[in-house]
>>> print(open('entry13.pdb').read())   # PDB, C-alpha atoms
MODEL        1
ATOM      1  CA  MET A   1      54.681 -19.511  87.920
ATOM      2  CA  ALA A   2      58.336 -18.698  88.586
ATOM      3  CA  PHE A   3      59.009 -15.609  90.650
ATOM      4  CA  LYS A   4      62.247 -13.641  90.534
ATOM      5  CA  GLN A   5      64.615 -13.623  93.493
ATOM      6  CA  PHE A   6      64.151 -10.832  96.013
ATOM      7  CA  THR A   7      66.133  -7.684  95.291
ATOM      8  CA  TYR A   8      65.798  -4.118  96.472
ATOM      9  CA  GLU A   9      67.026  -0.612  95.810
ATOM     10  CA  VAL A  10      67.283   2.059  98.488
ATOM     11  CA  LYS A  11      66.920   5.790  97.907
ATOM     12  CA  GLU A  12      67.096   8.483 100.566
ATOM     13  CA  SER A  13      66.136  12.120 100.645
ATOM     14  CA  THR A  14      65.977  14.801 103.315
ATOM     15  CA  ASP A  15      63.455  17.635 103.352
ATOM     16  CA  GLU A  16      64.077  21.197 104.514
ATOM     17  CA  THR A  17      63.243  20.288 108.124
ATOM     18  CA  GLY A  18      65.797  17.465 108.189
ATOM     19  CA  TRP A  19      63.180  14.701 108.020
ATOM     20  CA  ILE A  20      64.764  11.684 106.298
ATOM     21  CA  THR A  21      62.681   9.657 103.862
ATOM     22  CA  THR A  22      64.020   6.264 102.849
ATOM     23  CA  THR A  23      62.273   4.488  99.988
ATOM     24  CA  ILE A  24      62.979   0.798  99.516
ATOM     25  CA  PHE A  25      61.916  -0.508  96.109
ATOM     26  CA  CYS A  26      61.209  -4.228  96.560
ATOM     27  CA  ARG A  27      61.340  -6.608  93.587
ATOM     28  CA  GLY A  28      60.664 -10.294  93.039
ATOM     29  CA  LYS A  29      59.488 -12.435  95.931
ATOM     30  CA  LEU A  30      59.880 -11.747  99.641
ATOM     31  CA  VAL A  31      59.833 -15.167 101.278
ATOM     32  CA  ALA A  32      61.177 -16.866 104.419
ATOM     33  CA  GLU A  33      64.732 -17.130 103.127
ATOM     34  CA  ASP A  34      64.877 -13.337 102.580
ATOM     35  CA  THR A  35      63.360 -12.124 105.831
ATOM     36  CA  THR A  36      66.585 -11.987 107.867
ATOM     37  CA  GLU A  37      68.257  -9.795 105.257
ATOM     38  CA  PHE A  38      65.173  -7.609 104.892
ATOM     39  CA  ARG A  39      64.843  -7.153 108.662
ATOM     40  CA  ALA A  40      68.567  -6.287 108.881
ATOM     41  CA  LEU A  41      68.023  -3.628 106.210
ATOM     42  CA  VAL A  42      64.937  -1.980 107.723
ATOM     43  CA  SER A  43      65.485  -2.301 111.509
ATOM     44  CA  PRO A  44      68.370   0.229 111.718
ATOM     45  CA  LEU A  45      66.273   2.692 109.715
ATOM     46  CA  ILE A  46      63.494   2.375 112.285
ATOM     47  CA  VAL A  47      65.947   3.071 115.109
ATOM     48  CA  ARG A  48      67.270   6.116 113.231
ATOM     49  CA  GLY A  49      63.751   7.473 112.731
ATOM     50  CA  GLY A  50      62.198   9.256 109.791
ATOM     51  CA  HIS A  51      59.877   8.019 107.091
ATOM     52  CA  ILE A  52      60.354   4.580 105.535
ATOM     53  CA  ILE A  53      58.416   3.769 102.391
ATOM     54  CA  LEU A  54      58.286   0.204 101.126
ATOM     55  CA  ASP A  55      57.438   0.382  97.435
ATOM     56  CA  PHE A  56      55.867  -2.922  96.389
ATOM     57  CA  SER A  57      55.179  -1.977  92.748
ATOM     58  CA  GLU A  58      57.494  -4.748  91.553
ATOM     59  CA  LEU A  59      57.014  -7.224  94.402
ATOM     60  CA  GLN A  60      55.508 -10.295  92.782
ATOM     61  CA  PHE A  61      54.990 -12.548  95.796
ATOM     62  CA  LEU A  62      54.907 -12.315  99.592
ATOM     63  CA  ASP A  63      54.669 -15.503 101.668
ATOM     64  CA  SER A  64      53.520 -15.722 105.292
ATOM     65  CA  SER A  65      57.059 -15.212 106.635
ATOM     66  CA  GLY A  66      57.551 -12.156 104.442
ATOM     67  CA  LEU A  67      54.196 -10.760 105.512
ATOM     68  CA  GLY A  68      54.970 -11.468 109.173
ATOM     69  CA  THR A  69      58.266  -9.625 108.846
ATOM     70  CA  VAL A  70      56.613  -6.596 107.269
ATOM     71  CA  VAL A  71      53.969  -6.547 110.030
ATOM     72  CA  SER A  72      56.652  -6.894 112.707
ATOM     73  CA  LEU A  73      58.619  -4.006 111.213
ATOM     74  CA  LYS A  74      55.462  -1.868 111.114
ATOM     75  CA  VAL A  75      54.780  -2.601 114.794
ATOM     76  CA  SER A  76      58.395  -1.771 115.646
ATOM     77  CA  SER A  77      58.084   1.559 113.858
ATOM     78  CA  ILE A  78      54.875   2.367 115.746
ATOM     79  CA  ASN A  79      56.455   1.454 119.082
ATOM     80  CA  ARG A  80      59.572   3.481 118.284
ATOM     81  CA  GLY A  81      57.452   6.585 117.817
ATOM     82  CA  LEU A  82      59.915   8.613 115.745
ATOM     83  CA  CYS A  83      59.447   6.550 112.625
ATOM     84  CA  LYS A  84      56.683   6.189 110.092
ATOM     85  CA  LEU A  85      56.695   3.036 107.958
ATOM     86  CA  GLY A  86      54.283   2.737 105.050
ATOM     87  CA  LEU A  87      53.657   0.568 102.028
ATOM     88  CA  VAL A  88      52.827   1.956  98.608
ATOM     89  CA  ASN A  89      52.103   0.761  95.078
ATOM     90  CA  PHE A  90      50.716  -2.695  95.729
ATOM     91  CA  THR A  91      50.488  -5.190  92.902
ATOM     92  CA  PRO A  92      47.025  -6.775  92.626
ATOM     93  CA  ARG A  93      48.367  -9.982  94.257
ATOM     94  CA  ILE A  94      49.785  -8.117  97.273
ATOM     95  CA  GLU A  95      46.700  -5.916  97.553
ATOM     96  CA  LYS A  96      44.491  -9.012  97.676
ATOM     97  CA  LEU A  97      46.726 -10.629 100.316
ATOM     98  CA  LEU A  98      46.538  -7.526 102.520
ATOM     99  CA  LEU A  99      42.760  -7.395 102.132
ATOM    100  CA  LEU A 100      42.301 -11.110 102.899
ATOM    101  CA  THR A 101      44.432 -10.807 106.027
ATOM    102  CA  ASN A 102      42.726  -7.574 107.133
ATOM    103  CA  LEU A 103      46.074  -5.769 107.085
ATOM    104  CA  PHE A 104      45.356  -3.308 104.288
ATOM    105  CA  GLU A 105      44.304  -0.528 106.658
ATOM    106  CA  LEU A 106      47.368  -1.024 108.874
ATOM    107  CA  PHE A 107      49.648  -0.114 106.006
ATOM    108  CA  SER A 108      47.637   2.288 103.890
ATOM    109  CA  GLY A 109      45.284   3.942 106.353
ATOM    110  CA  GLN A 110      42.019   2.890 104.704
ATOM    111  CA  VAL A 111      40.536   0.446 102.253
ATOM    112  CA  PRO A 112      39.910   2.112  98.872
ATOM    113  CA  THR A 113      36.212   2.507  98.116
ATOM    114  CA  HIS A 114      36.530   0.451  94.922
ATOM    115  CA  LEU A 115      37.553  -2.526  97.078
ATOM    116  CA  MET A 116      34.692  -2.310  99.575
TER     117      MET A 116
ENDMDL
END
>>> encode(input="entry13.pdb", output="structure tokens")
Amino acid sequence: MAFKQFTYEVKESTDETGWITTTIFCRGKLVAEDTTEFRALVSPLIVRGGHIILDFSELQFLDSSGLGTVVSLKVSSINRGLCKLGLVNFTPRIEKLLLLTNLFELFSGQVPTHLM
């Protein structure tokens, strides 16, 4: 199965309190060769603070390097304290990967009852 190259689109909004929400729509495959670029995109957002949403609705594939980068970014956001990083809209493949690696709860808060 051929996966599309990794691409992304970034959208930002600010609520009435000044809280910045950045949504990054990820597409294709996030693999080792893309992790440096992805980290360079997300790391400054973590330093800035706010809410970062990684939308994986069109992410077809995530290898171990991609997953490690996402976990590392999540840990950085937790350690920073002024930033909340979350994942939304998992494809079945990504959902299964997060469940198999016991990382689902780290990113979504809880395992859906239909998956227990």
>>> residues_around(input="entry13.pdb", residues="Gly49 (chain A)", least_positions_apart="2", cutoff="9 Å", atoms="only C-alpha atoms", output="PyMOL selection string")
chain A and resi 19-20+44-47+51-52+77+80-84
>>> residues_near_point(input="entry13.pdb", point="(61.1, -14.4, 87.6)", cutoff="10 Å", atoms="all atoms listed in the file", output="list in words")
Met1, Ala2, Phe3, Lys4, Gln5, Phe6, Arg27, Gly28, Lys29 and Gln60 of chain A
>>> atom_distance(input="entry13.pdb", atom1="CA of Gly66 (chain A)", atom2="CA of Val31 (chain A)")
4.9 Å
>>> closest_residue(input="entry13.pdb", among="A:Ala32, A:Ile94, A:Gly50, A:Leu103", to="Ile78 (chain A)", atoms="all atoms listed in the file")
A:Gly50
>>> atom_distance(input="entry13.pdb", atom1="CA of Leu54 (chain A)", atom2="CA of Val88 (chain A)")
6.3 Å
>>> atom_distance(input="entry13.pdb", atom1="CA of Phe25 (chain A)", atom2="CA of Val42 (chain A)")
12.1 Å
>>> closest_residue(input="entry13.pdb", among="A:Leu73, A:Leu85, A:Leu67, A:Leu97", to="Ser43 (chain A)", atoms="only C-alpha atoms")
A:Leu73
>>> resolve_selection(input="entry13.pdb", expression="the PyMOL selection byres ((chain A and resi 95) around 12)", output="short mmCIF file (atom, residue, chain, number, x, y, z; two decimals) with C-alpha atoms, in the frame of the given file")
data_model
loop_
_atom_site.label_atom_id
_atom_site.label_comp_id
_atom_site.auth_asym_id
_atom_site.auth_seq_id
_atom_site.Cartn_x
_atom_site.Cartn_y
_atom_site.Cartn_z
CA PHE A 56 55.87 -2.92 96.39
CA SER A 57 55.18 -1.98 92.75
CA LEU A 59 57.01 -7.22 94.40
CA GLN A 60 55.51 -10.30 92.78
CA PHE A 61 54.99 -12.55 95.80
CA LEU A 62 54.91 -12.32 99.59
CA LEU A 67 54.20 -10.76 105.51
CA LEU A 87 53.66 0.57 102.03
CA VAL A 88 52.83 1.96 98.61
CA ASN A 89 52.10 0.76 95.08
CA PHE A 90 50.72 -2.70 95.73
CA THR A 91 50.49 -5.19 92.90
CA PRO A 92 47.02 -6.78 92.63
CA ARG A 93 48.37 -9.98 94.26
CA ILE A 94 49.78 -8.12 97.27
CA LYS A 96 44.49 -9.01 97.68
CA LEU A 97 46.73 -10.63 100.32
CA LEU A 98 46.54 -7.53 102.52
CA LEU A 99 42.76 -7.40 102.13
CA LEU A 100 42.30 -11.11 102.90
CA THR A 101 44.43 -10.81 106.03
CA ASN A 102 42.73 -7.57 107.13
CA LEU A 103 46.07 -5.77 107.08
CA PHE A 104 45.36 -3.31 104.29
CA GLU A 105 44.30 -0.53 106.66
CA PHE A 107 49.65 -0.11 106.01
CA SER A 108 47.64 2.29 103.89
CA VAL A 111 40.54 0.45 102.25
CA PRO A 112 39.91 2.11 98.87
CA LEU A 115 37.55 -2.53 97.08
#
>>> closest_residue(input="entry13.pdb", among="A:Thr36, A:Thr7, A:Thr22, A:Ser72", to="Glu58 (chain A)", atoms="all atoms listed in the file")
A:Thr7
>>> residues_near_point(input="entry13.pdb", point="(66.8, 1.4, 93.3)", cutoff="8 Å", atoms="only C-alpha atoms", output="number ranges by chain")
A: 8-11, 24-25
>>> closest_residue(input="entry13.pdb", among="A:Ile53, A:Gly68, A:Gly86, A:Ala40", to="Ser13 (chain A)", atoms="only C-alpha atoms")
A:Ile53
>>> closest_residue(input="entry13.pdb", among="A:Thr23, A:Glu16, A:Arg39, A:Leu30", to="Asp63 (chain A)", atoms="all atoms listed in the file")
A:Leu30
